[in-house]
$ cat protein28.cif   # mmCIF, C-alpha atoms and all ligand atoms
data_run
loop_
_atom_site.label_atom_id
_atom_site.label_comp_id
_atom_site.auth_asym_id
_atom_site.auth_seq_id
_atom_site.Cartn_x
_atom_site.Cartn_y
_atom_site.Cartn_z
CA MET A 767 121.11 124.45 126.62
CA ILE A 768 118.24 122.08 127.50
CA VAL A 769 116.05 121.10 124.55
CA LEU A 770 112.80 119.15 124.56
CA GLY A 771 112.07 117.23 121.33
CA VAL A 772 108.71 115.84 120.25
CA GLU A 773 108.11 113.30 117.45
CA SER A 774 104.72 112.12 116.13
CA SER A 775 105.10 111.75 112.35
CA CYS A 776 103.84 108.18 112.08
CA ASP A 777 102.83 105.66 114.74
CA ASP A 778 105.34 106.30 117.53
CA THR A 779 104.83 109.09 120.05
CA GLY A 780 108.22 110.29 121.24
CA ALA A 781 109.64 112.90 123.59
CA ALA A 782 113.28 113.40 124.55
CA VAL A 783 115.39 115.85 126.54
CA LEU A 784 118.93 116.79 125.54
CA ARG A 785 121.47 118.94 127.37
CA ASP A 786 123.92 120.55 124.93
CA GLY A 787 123.21 117.85 122.36
CA ARG A 788 123.62 114.94 124.80
CA GLU A 789 120.66 112.70 125.57
CA LEU A 790 119.18 112.92 129.07
CA SER A 791 116.02 110.96 128.22
CA ASN A 792 114.30 109.43 125.20
CA VAL A 793 110.79 108.03 125.63
CA VAL A 794 108.79 106.29 122.90
CA ALA A 795 105.19 105.07 123.18
CA SER A 796 104.76 102.49 120.44
CA GLN A 797 101.43 101.81 118.75
CA GLU A 798 102.46 98.45 117.30
CA ALA A 799 99.64 96.68 119.13
CA VAL A 800 97.08 99.13 117.68
CA HIS A 801 98.14 98.74 114.04
CA GLY A 802 99.36 95.13 114.12
CA PRO A 803 95.93 93.61 113.33
CA PHE A 804 95.74 95.80 110.18
CA GLY A 805 99.21 94.88 108.88
CA GLY A 806 100.13 98.56 108.57
CA VAL A 807 99.57 102.00 110.09
CA VAL A 808 95.96 103.29 110.06
CA PRO A 809 96.45 107.10 109.95
CA GLU A 810 93.29 108.07 111.84
CA LEU A 811 93.95 105.58 114.63
CA ALA A 812 97.56 106.76 114.84
CA ALA A 813 96.54 110.42 115.22
CA ARG A 814 94.01 109.57 117.93
CA ASN A 815 96.57 107.53 119.84
CA HIS A 816 99.10 110.36 119.68
CA ILE A 817 96.51 112.55 121.42
CA LEU A 818 96.31 110.01 124.24
CA HIS A 819 100.07 109.62 124.58
CA VAL A 820 101.68 112.97 123.85
CA VAL A 821 101.33 114.62 127.28
CA PRO A 822 102.24 111.52 129.37
CA VAL A 823 105.24 110.88 127.09
CA ILE A 824 106.50 114.47 127.50
CA GLU A 825 105.98 114.24 131.28
CA ARG A 826 107.89 110.96 131.35
CA ALA A 827 110.77 112.38 129.30
CA LEU A 828 111.08 115.34 131.70
CA ALA A 829 110.93 113.07 134.76
CA ASP A 830 113.52 110.62 133.33
CA ALA A 831 115.82 113.55 132.58
CA GLY A 832 115.32 115.04 136.04
CA VAL A 833 114.29 118.30 134.40
CA GLU A 834 111.40 120.66 135.22
CA LEU A 835 109.35 122.54 132.64
CA GLY A 836 111.03 125.77 133.74
CA ASP A 837 114.49 124.37 132.87
CA ILE A 838 113.68 124.01 129.16
CA ASP A 839 115.50 126.50 126.90
CA GLY A 840 113.92 125.50 123.59
CA ILE A 841 111.50 123.04 122.00
CA ALA A 842 111.78 121.14 118.72
CA ALA A 843 109.07 119.08 117.01
CA THR A 844 108.78 117.18 113.74
CA ARG A 845 106.87 119.26 111.19
CA GLY A 846 107.09 116.83 108.24
CA PRO A 847 107.26 114.69 106.25
CA GLY A 848 104.66 112.34 107.69
CA LEU A 849 100.96 111.81 108.29
CA VAL A 850 99.51 115.28 108.76
CA GLY A 851 96.95 114.28 111.40
CA CYS A 852 99.75 112.69 113.41
CA LEU A 853 102.28 115.50 112.92
CA LEU A 854 99.73 118.07 114.10
CA VAL A 855 99.43 116.43 117.52
CA GLY A 856 103.12 116.65 118.42
CA LEU A 857 103.59 119.98 116.69
CA CYS A 858 100.65 121.62 118.50
CA ALA A 859 101.75 120.22 121.84
CA ALA A 860 105.27 121.57 121.27
CA LYS A 861 104.12 124.98 120.07
CA GLY A 862 101.62 125.31 122.93
CA LEU A 863 104.31 124.49 125.47
CA ALA A 864 106.79 126.87 123.84
CA ARG A 865 104.25 129.69 124.03
CA ARG A 866 103.36 128.92 127.63
CA LEU A 867 107.05 128.80 128.66
CA GLY A 868 108.12 131.70 126.46
CA VAL A 869 110.96 129.71 124.87
CA PRO A 870 111.93 129.42 121.18
CA PHE A 871 110.41 126.70 119.00
CA VAL A 872 111.79 125.02 115.85
CA GLY A 873 110.12 122.66 113.39
CA VAL A 874 112.34 119.77 112.27
CA ASN A 875 112.44 117.73 109.07
CA HIS A 876 111.96 114.11 110.17
CA ILE A 877 114.48 112.85 107.61
CA GLU A 878 117.16 115.23 108.88
CA GLY A 879 116.38 113.77 112.30
CA HIS A 880 117.05 110.24 111.00
CA LEU A 881 120.34 111.36 109.39
CA LEU A 882 121.46 113.09 112.58
CA SER A 883 120.43 110.22 114.87
CA ILE A 884 124.00 109.07 114.37
CA ALA A 885 125.42 112.27 115.92
CA LEU A 886 124.00 111.45 119.35
CA ASP A 887 126.55 108.65 119.69
CA SER A 888 129.46 109.53 117.42
CA GLU A 889 130.74 112.54 115.55
CA VAL A 890 130.44 112.24 111.78
CA GLU A 891 132.41 114.73 109.78
CA ARG A 892 130.73 116.26 106.71
CA PRO A 893 130.38 115.81 103.84
CA PHE A 894 128.87 112.35 104.10
CA LEU A 895 126.67 110.07 102.05
CA GLY A 896 123.42 109.28 103.88
CA LEU A 897 121.18 106.33 103.11
CA VAL A 898 117.81 106.70 104.84
CA VAL A 899 115.81 103.50 104.73
CA SER A 900 112.57 103.64 106.67
CA GLY A 901 108.86 102.88 106.47
CA GLY A 902 108.11 105.87 104.24
CA HIS A 903 111.47 106.72 102.66
CA SER A 904 114.37 105.13 100.85
CA ALA A 905 116.78 107.72 99.56
CA LEU A 906 120.42 108.66 99.19
CA TYR A 907 121.41 112.10 100.47
CA TRP A 908 124.53 114.18 100.21
CA ALA A 909 125.09 115.97 103.53
CA ARG A 910 127.24 118.98 102.68
CA ALA A 911 129.87 120.58 104.87
CA ASP A 912 127.72 123.74 105.24
CA GLY A 913 124.92 121.75 106.92
CA SER A 914 122.65 121.62 103.85
CA TYR A 915 121.47 118.48 102.03
CA ALA A 916 120.81 117.33 98.47
CA VAL A 917 118.96 114.28 97.18
CA LEU A 918 121.04 111.96 94.97
CA GLY A 919 118.41 109.28 94.44
CA GLN A 920 115.19 107.99 95.90
CA THR A 921 112.56 105.32 95.53
CA ARG A 922 110.08 105.76 92.72
CA ASP A 923 107.41 103.75 94.53
CA ASP A 924 107.56 101.79 97.81
CA ALA A 925 110.13 102.46 100.52
CA ALA A 926 112.31 99.54 101.64
CA GLY A 927 110.51 99.32 105.00
CA GLU A 928 107.15 99.43 103.25
CA ALA A 929 108.29 96.55 101.01
CA PHE A 930 109.27 94.55 104.12
CA ASP A 931 105.90 95.34 105.72
CA LYS A 932 103.89 94.36 102.62
CA ALA A 933 105.91 91.16 102.13
CA ALA A 934 105.41 90.23 105.79
CA LYS A 935 101.66 90.75 105.43
CA LEU A 936 101.67 88.54 102.34
CA LEU A 937 103.59 85.84 104.21
CA GLY A 938 101.37 86.14 107.29
CA LEU A 939 104.25 87.32 109.49
CA GLY A 940 102.62 90.30 111.20
CA TYR A 941 103.57 93.95 111.64
CA PRO A 942 106.10 95.61 111.65
CA GLY A 943 107.30 93.38 108.88
CA GLY A 944 111.02 94.07 108.66
CA ARG A 945 111.86 92.69 112.08
CA ALA A 946 109.53 89.70 111.56
CA ILE A 947 111.12 88.84 108.19
CA GLU A 948 114.62 89.19 109.63
CA GLU A 949 113.78 86.75 112.43
CA VAL A 950 112.20 84.16 110.13
CA ALA A 951 115.02 84.51 107.56
CA ARG A 952 117.74 83.38 110.00
CA GLY A 953 119.63 80.47 108.48
CA GLY A 954 117.48 80.53 105.31
CA ASP A 955 118.81 80.05 101.76
CA VAL A 956 119.10 83.51 100.16
CA HIS A 957 119.16 81.94 96.67
CA ALA A 958 116.07 79.75 97.09
CA LEU A 959 113.86 82.23 95.17
CA LYS A 960 114.92 84.06 92.02
CA LEU A 961 113.84 87.64 92.66
CA PRO A 962 114.67 90.67 90.49
CA ARG A 963 117.10 93.45 91.43
CA PRO A 964 115.05 96.42 90.26
CA ARG A 965 116.89 99.28 88.55
CA VAL A 966 115.35 102.55 87.34
CA LYS A 967 116.29 103.24 83.74
CA GLY A 968 118.31 106.41 83.24
CA ALA A 969 118.48 107.17 86.99
CA ALA A 970 121.22 104.97 88.45
CA LEU A 971 120.65 106.11 92.04
CA ASP A 972 116.87 105.80 92.07
CA LEU A 973 115.27 102.76 93.64
CA SER A 974 112.09 100.79 93.09
CA PHE A 975 110.65 98.09 95.34
CA SER A 976 107.05 97.60 94.20
CA GLY A 977 108.02 95.07 91.48
CA LEU A 978 109.91 93.02 94.05
CA LYS A 979 106.78 92.62 96.13
CA THR A 980 104.82 91.43 93.06
CA ALA A 981 107.66 89.07 92.12
CA LEU A 982 107.60 87.64 95.64
CA TRP A 983 103.88 87.02 95.42
CA GLN A 984 104.24 85.28 92.04
CA ALA A 985 107.20 83.18 93.20
CA VAL A 986 105.37 82.03 96.32
CA GLU A 987 102.28 81.12 94.25
CA ALA A 988 104.48 79.11 91.89
CA ALA A 989 106.36 77.28 94.66
CA PRO A 990 104.13 77.12 97.76
CA GLU A 991 106.17 74.24 99.18
CA LEU A 992 109.28 76.39 99.72
CA PRO A 993 110.13 76.80 103.42
CA LEU A 994 109.13 80.22 104.77
CA ARG A 995 112.67 80.65 106.07
CA ASP A 996 114.09 80.46 102.53
CA VAL A 997 111.40 82.75 101.10
CA ALA A 998 112.06 85.37 103.78
CA ALA A 999 115.85 85.06 103.37
CA SER A 1000 115.63 85.48 99.58
CA PHE A 1001 113.39 88.53 99.87
CA GLN A 1002 115.59 90.18 102.51
CA HIS A 1003 118.66 89.45 100.37
CA ALA A 1004 117.05 91.08 97.30
CA ILE A 1005 116.33 94.28 99.26
CA VAL A 1006 119.79 94.36 100.82
CA GLU A 1007 121.56 93.81 97.48
CA THR A 1008 119.45 96.51 95.81
CA LEU A 1009 120.32 99.04 98.52
CA VAL A 1010 124.00 98.10 98.61
CA ASP A 1011 124.29 98.36 94.80
CA ALA A 1012 122.79 101.85 94.81
CA ALA A 1013 125.06 102.89 97.69
CA ARG A 1014 128.11 101.50 95.84
CA ARG A 1015 127.30 103.54 92.73
CA ALA A 1016 126.76 106.65 94.88
CA ILE A 1017 130.11 106.20 96.65
CA GLN A 1018 131.91 105.69 93.37
CA VAL A 1019 130.46 108.83 91.78
CA THR A 1020 130.67 111.12 94.82
CA GLY A 1021 133.92 109.77 96.23
CA ALA A 1022 132.25 109.74 99.67
CA ARG A 1023 134.56 108.71 102.52
CA ARG A 1024 131.84 108.54 105.19
CA ILE A 1025 128.53 106.67 104.89
CA VAL A 1026 125.61 107.00 107.28
CA VAL A 1027 122.83 104.39 107.12
CA THR A 1028 119.78 105.16 109.22
CA GLY A 1029 115.99 104.71 109.51
CA GLY A 1030 114.07 101.64 110.68
CA VAL A 1031 115.49 99.27 108.06
CA SER A 1032 119.04 100.12 109.21
CA ALA A 1033 118.24 97.88 112.20
CA ASN A 1034 118.47 94.92 109.81
CA GLY A 1035 121.53 92.80 110.55
CA ALA A 1036 121.96 91.58 106.96
CA LEU A 1037 121.92 95.17 105.69
CA ARG A 1038 124.40 96.29 108.37
CA ASP A 1039 126.78 93.44 107.48
CA ALA A 1040 126.52 94.07 103.74
CA MET A 1041 127.01 97.82 104.16
CA SER A 1042 130.04 97.31 106.34
CA ARG A 1043 131.58 95.01 103.70
CA LEU A 1044 130.82 97.67 101.08
CA ALA A 1045 132.44 100.40 103.16
CA GLU A 1046 135.52 98.25 103.64
CA ASP A 1047 135.74 97.51 99.88
CA GLU A 1048 135.44 101.21 99.07
CA GLY A 1049 137.80 102.42 101.80
CA ALA A 1050 135.02 104.40 103.49
CA THR A 1051 133.82 104.53 107.10
CA LEU A 1052 130.34 103.26 107.94
CA HIS A 1053 128.22 104.88 110.64
CA VAL A 1054 124.98 103.21 111.79
CA PRO A 1055 122.98 104.22 114.86
CA PRO A 1056 122.46 101.79 117.75
CA LEU A 1057 119.31 99.70 117.23
CA ARG A 1058 117.11 101.81 119.51
CA ARG A 1059 117.81 104.93 117.43
CA CYS A 1060 117.07 103.35 114.02
CA THR A 1061 113.30 103.67 114.24
CA ASP A 1062 111.42 106.86 115.10
CA ASN A 1063 112.46 108.60 118.29
CA ALA A 1064 112.44 112.15 119.60
CA ALA A 1065 116.13 112.35 120.57
CA MET A 1066 117.06 112.66 116.89
CA ILE A 1067 114.47 115.42 116.46
CA ALA A 1068 115.72 117.24 119.56
CA TYR A 1069 119.29 116.99 118.22
CA ALA A 1070 118.41 118.47 114.81
CA GLY A 1071 116.43 121.20 116.61
CA TRP A 1072 119.25 121.89 119.05
CA LEU A 1073 121.68 122.66 116.19
CA ARG A 1074 119.37 125.47 115.07
CA LEU A 1075 118.32 126.68 118.52
CA ALA A 1076 121.96 126.90 119.59
CA ARG A 1077 122.58 129.27 116.65
CA GLY A 1078 119.76 131.49 117.93
CA GLU A 1079 117.32 130.42 115.22
CA SER A 1080 113.61 129.77 115.76
CA ASP A 1081 110.40 129.30 113.78
CA PRO A 1082 107.14 131.23 114.16
CA LEU A 1083 104.34 129.50 116.05
CA SER A 1084 102.32 129.71 112.83
CA LEU A 1085 104.55 126.98 111.34
CA ASN A 1086 102.30 124.22 110.02
CA ALA A 1087 102.63 120.46 109.56
CA VAL A 1088 103.33 119.24 106.03
CA ALA A 1089 103.01 115.75 104.54
CA GLU A 1090 105.81 116.28 102.00
CA LEU A 1091 108.97 118.12 102.97
CA PRO A 1092 112.01 117.64 100.71
CA LEU A 1093 115.28 117.82 102.61
CA GLY A 1094 117.04 119.51 99.72
CA PRO A 1095 117.13 119.82 95.94
CA ARG A 1096 117.62 116.85 93.67
CA ILE A 1097 121.12 116.89 92.15
CA ALA A 1098 123.05 114.57 89.85
CA ALA A 1099 125.56 112.45 91.76
CA GLY A 1100 128.40 114.09 89.82
CA GLU A 1101 127.43 117.49 91.32
CA ALA A 1102 127.96 116.34 94.92
N1 LIG B 1 115.17 94.57 111.61
C1 LIG B 1 114.56 95.17 110.59
N2 LIG B 1 114.78 94.79 109.31
C2 LIG B 1 114.16 95.40 108.28
N3 LIG B 1 113.27 96.40 108.43
C3 LIG B 1 113.00 96.81 109.68
C4 LIG B 1 113.63 96.23 110.82
N4 LIG B 1 113.16 96.86 111.93
C5 LIG B 1 112.27 97.78 111.49
N5 LIG B 1 112.17 97.75 110.14
C6 LIG B 1 111.28 98.54 109.28
O1 LIG B 1 111.48 99.91 109.57
C7 LIG B 1 110.28 100.62 109.28
C8 LIG B 1 110.00 101.62 110.39
O2 LIG B 1 111.06 102.53 110.40
P1 LIG B 1 110.85 104.06 110.82
O3 LIG B 1 110.22 104.09 112.16
O4 LIG B 1 112.13 104.76 110.65
O5 LIG B 1 109.86 104.44 109.64
P2 LIG B 1 108.74 105.53 109.60
O6 LIG B 1 109.07 106.57 110.58
O7 LIG B 1 107.44 104.82 109.68
O8 LIG B 1 108.93 106.12 108.15
P3 LIG B 1 109.59 107.55 107.77
O9 LIG B 1 110.75 107.74 108.64
O10 LIG B 1 109.94 107.37 106.35
O11 LIG B 1 108.51 108.54 108.00
C9 LIG B 1 109.16 99.57 109.12
O12 LIG B 1 108.81 99.50 107.76
C10 LIG B 1 109.82 98.29 109.60
O13 LIG B 1 109.35 97.12 108.93
MG MG B 2 110.93 107.60 110.60
#

$ encode --input "protein28.cif" --output "structure tokens" --more "lines below"
Ligand SMILES: Nc1ncnc2c1ncn2[C@@H]1O[C@H](COP(=O)(O)OP(=O)(O)OP(=O)(O)O)[C@@H](O)[C@H]1O
Ligand SMILES: [Mg+2]
Amino acid sequence: MIVLGVESSCDDTGAAVLRDGRELSNVVASQEAVHGPFGGVVPELAARNHILHVVPVIERALADAGVELGDIDGIAATRGPGLVGCLLVGLCAAKGLARRLGVPFVGVNHIEGHLLSIALDSEVERPFLGLVVSGGHSALYWARADGSYAVLGQTRDDAAGEAFDKAAKLLGLGYPGGRAIEEVARGGDVHALKLPRPRVKGAALDLSFSGLKTALWQAVEAAPELPLRDVAASFQHAIVETLVDAARRAIQVTGARRIVVTGGVSANGALRDAMSRLAEDEGATLHVPPLRRCTDNAAMIAYAGWLRLARGESDPLSLNAVAELPLGPRIAAGEA
């Protein structure tokens, strides 16, 4: 079965072609240069740029895969969560094409896409514990054997990627911030700045990063002479430790044997190293996608769509884009 996937939930326009769940092509048009001067994504500009890119990106994905429009058996597109103006562009392109070709269409949850990005390279048996750390989300999921998901914990304010981006803006490091901070932090002293490890009272698996950003600002004001390298290293370390602590508690309560870490922040080397030490300590297996699949891409959307299309499922063409789209119910870790 040949599936075309389309992704446009934030600032990357993506299209990918899979054959029976294996990637034939995966094209991403990045808007980093558009949003860089603003230090973050400007929703209206992102939506307008998706309009410019969506058709060429789909054409490129088909050409790279050596596939013609008539070969496509089904189309998947991100329907949420994300910026609605952006989602609508990819979703409408996908639905229009599905109608024109007379093939089934499915709308995909972007976060399920991130969790399944791992499956394009290696099989991960369910159940597994999923940590999605991206620009808009930081949450722990329980991926059940029956294919459904539940939320074990999530950020109460900023996402980890958002915290990296805001800190990078504060430090004058540009956008996207996570990669910039990681580069500057190389060789820096992770203990140079005393930063808090935020915990949410009464919700051991919930996260909070907004206080960390304020603490960074205050610490830098108080000690402006500190080398940028040490400041960046301390901030990165605080985020990594906060995520690893939450993951440790989740593993201990759920007894998870497999851990998936995905989303843009999973590209971070310090987080990957710390998570792999955690997995080793806990006797679990760690699965992280290759770097190019950590950030937004359409192959992960096509994969999540393919699972449903292959079962004969489809969505009506009236399916709309939604800004908020929970992947599953919130449950206590003990219920996993
Ligand atoms: N090496 C890195 N270290 C830390 N953070 C990183 C790194 N590379 C990218 N990021 C962060 O990843 C985020 C982008 O990830 P992604 O594309 O998955 O997010 P998004 O799609 O914008 O958000 P969401 O998936 O929640 O809708 C940015 O905040 C960026 O700073
Ligand atoms: Mg994303």

$ residues_near_ligand --input "protein28.cif" --ligand "ligand LIG 1 (chain B)" --cutoff "7 Å" --atoms "only C-alpha atoms and all ligand atoms" --output "PDB file with C-alpha atoms, in the frame of the given file"
ATOM      1  CA  SER A 775     105.100 111.750 112.350  1.00  0.00           C
ATOM      2  CA  CYS A 776     103.840 108.180 112.080  1.00  0.00           C
ATOM      3  CA  ASP A 777     102.830 105.660 114.740  1.00  0.00           C
ATOM      4  CA  PRO A 847     107.260 114.690 106.250  1.00  0.00           C
ATOM      5  CA  GLY A 848     104.660 112.340 107.690  1.00  0.00           C
ATOM      6  CA  HIS A 876     111.960 114.110 110.170  1.00  0.00           C
ATOM      7  CA  ILE A 877     114.480 112.850 107.610  1.00  0.00           C
ATOM      8  CA  SER A 900     112.570 103.640 106.670  1.00  0.00           C
ATOM      9  CA  GLY A 901     108.860 102.880 106.470  1.00  0.00           C
ATOM     10  CA  GLY A 902     108.110 105.870 104.240  1.00  0.00           C
ATOM     11  CA  HIS A 903     111.470 106.720 102.660  1.00  0.00           C
ATOM     12  CA  GLY A 927     110.510  99.320 105.000  1.00  0.00           C
ATOM     13  CA  GLU A 928     107.150  99.430 103.250  1.00  0.00           C
ATOM     14  CA  PHE A 930     109.270  94.550 104.120  1.00  0.00           C
ATOM     15  CA  ASP A 931     105.900  95.340 105.720  1.00  0.00           C
ATOM     16  CA  PRO A 942     106.100  95.610 111.650  1.00  0.00           C
ATOM     17  CA  GLY A 943     107.300  93.380 108.880  1.00  0.00           C
ATOM     18  CA  GLY A 944     111.020  94.070 108.660  1.00  0.00           C
ATOM     19  CA  ARG A 945     111.860  92.690 112.080  1.00  0.00           C
ATOM     20  CA  GLU A 948     114.620  89.190 109.630  1.00  0.00           C
ATOM     21  CA  GLY A1029     115.990 104.710 109.510  1.00  0.00           C
ATOM     22  CA  GLY A1030     114.070 101.640 110.680  1.00  0.00           C
ATOM     23  CA  VAL A1031     115.490  99.270 108.060  1.00  0.00           C
ATOM     24  CA  SER A1032     119.040 100.120 109.210  1.00  0.00           C
ATOM     25  CA  ALA A1033     118.240  97.880 112.200  1.00  0.00           C
ATOM     26  CA  ASN A1034     118.470  94.920 109.810  1.00  0.00           C
ATOM     27  CA  GLY A1035     121.530  92.800 110.550  1.00  0.00           C
ATOM     28  CA  CYS A1060     117.070 103.350 114.020  1.00  0.00           C
ATOM     29  CA  THR A1061     113.300 103.670 114.240  1.00  0.00           C
ATOM     30  CA  ASP A1062     111.420 106.860 115.100  1.00  0.00           C
TER      31      ASP A1062
END

$ residues_around --input "protein28.cif" --residues "stretch 1010-1021 of chain A" --least-positions-apart "3" --cutoff "9 Å" --atoms "only C-alpha atoms" --output "PyMOL selection string"
chain A and resi 895+897+906+908+918-919+965+970-973+1005-1007+1025+1037+1040-1041+1044-1045+1048+1050+1099-1102

$ closest_residue --input "protein28.cif" --among "A:Glu773, A:Asp923, A:Glu987, A:Glu810" --to "A:Asn792" --atoms "only C-alpha atoms"
A:Glu773

$ residues_around --input "protein28.cif" --residues "A:Thr921" --least-positions-apart "3" --cutoff "7 Å" --atoms "all atoms listed in the file" --output "VMD selection string"
chain A and resid 904 to 905 924 to 925 972 to 974

$ atom_distance --input "protein28.cif" --atom1 "atom CA of A:His801" --atom2 "atom CA of A:Asn815"
10.6 Å

$ axis_aligned_box --input "protein28.cif" --around "stretch 913-924 of chain A" --padding-each-side "3 Å" --output "JSON"
{"center_x": 116.2, "center_y": 111.8, "center_z": 99.8, "size_x": 23.5, "size_y": 26.0, "size_z": 20.2}

$ residues_around --input "protein28.cif" --residues "A:Leu882" --least-positions-apart "2" --cutoff "8 Å" --atoms "all atoms listed in the file" --output "list in words"
Glu878, Gly879, His880, Ile884, Ala885, Leu886, Met1066, Tyr1069 and Ala1070 of chain A

$ closest_residue --input "protein28.cif" --among "A:Ala933, A:Val855, A:Leu881, A:Ala1076" --to "ligand MG 2 (chain B)" --atoms "only C-alpha atoms and all ligand atoms"
A:Leu881

$ closest_residue --input "protein28.cif" --among "A:Leu1052, A:Val899, A:Val950, A:Ile824" --to "A:Gly856" --atoms "all atoms listed in the file"
A:Ile824

$ closest_residue --input "protein28.cif" --among "A:Leu978, A:Ala1089, A:Leu1073, A:Ala799" --to "A:Gly913" --atoms "only C-alpha atoms"
A:Leu1073

$ atom_distance --input "protein28.cif" --atom1 "atom CA of A:Pro803" --atom2 "atom CA of A:Val956"
28.5 Å

$ atom_distance --input "protein28.cif" --atom1 "atom CA of A:Gly840" --atom2 "atom CA of A:Phe871"
5.9 Å

$ closest_residue --input "protein28.cif" --among "A:Ala911, A:Ala1064, A:Ala795, A:Leu961" --to "ligand MG 2 (chain B)" --atoms "only C-alpha atoms and all ligand atoms"
A:Ala1064

$ closest_residue --input "protein28.cif" --among "A:Ile768, A:Leu1093, A:Leu811, A:Ala1004" --to "A:Ser914" --atoms "only C-alpha atoms"
A:Leu1093

$ decode --input "protein28.cif" --residues "stretch 949-971 of chain A" --atoms "C-alpha atoms" --output "short mmCIF file (atom, residue, chain, number, x, y, z; two decimals), in the first residue's frame"
data_model
loop_
_atom_site.label_atom_id
_atom_site.label_comp_id
_atom_site.auth_asym_id
_atom_site.auth_seq_id
_atom_site.Cartn_x
_atom_site.Cartn_y
_atom_site.Cartn_z
CA GLU A 949 26.16 23.93 20.48
CA VAL A 950 27.17 26.75 22.83
CA ALA A 951 26.94 24.46 25.90
CA ARG A 952 29.65 22.07 24.64
CA GLY A 953 32.36 21.78 27.29
CA GLY A 954 30.53 24.18 29.64
CA ASP A 955 30.23 23.74 33.42
CA VAL A 956 26.75 22.34 34.14
CA HIS A 957 27.00 23.46 37.79
CA ALA A 958 28.04 27.06 37.10
CA LEU A 959 24.49 28.37 37.69
CA LYS A 960 22.18 27.17 40.46
CA LEU A 961 18.87 26.62 38.69
CA PRO A 962 15.75 25.00 40.19
CA ARG A 963 14.42 21.54 39.28
CA PRO A 964 10.73 22.39 39.09
CA ARG A 965 8.25 19.85 40.48
CA VAL A 966 4.45 20.13 40.38
CA LYS A 967 2.97 19.57 43.82
CA GLY A 968 0.68 16.55 44.05
CA ALA A 969 1.30 15.50 40.42
CA ALA A 970 4.64 13.68 40.34
CA LEU A 971 4.63 13.17 36.57
#
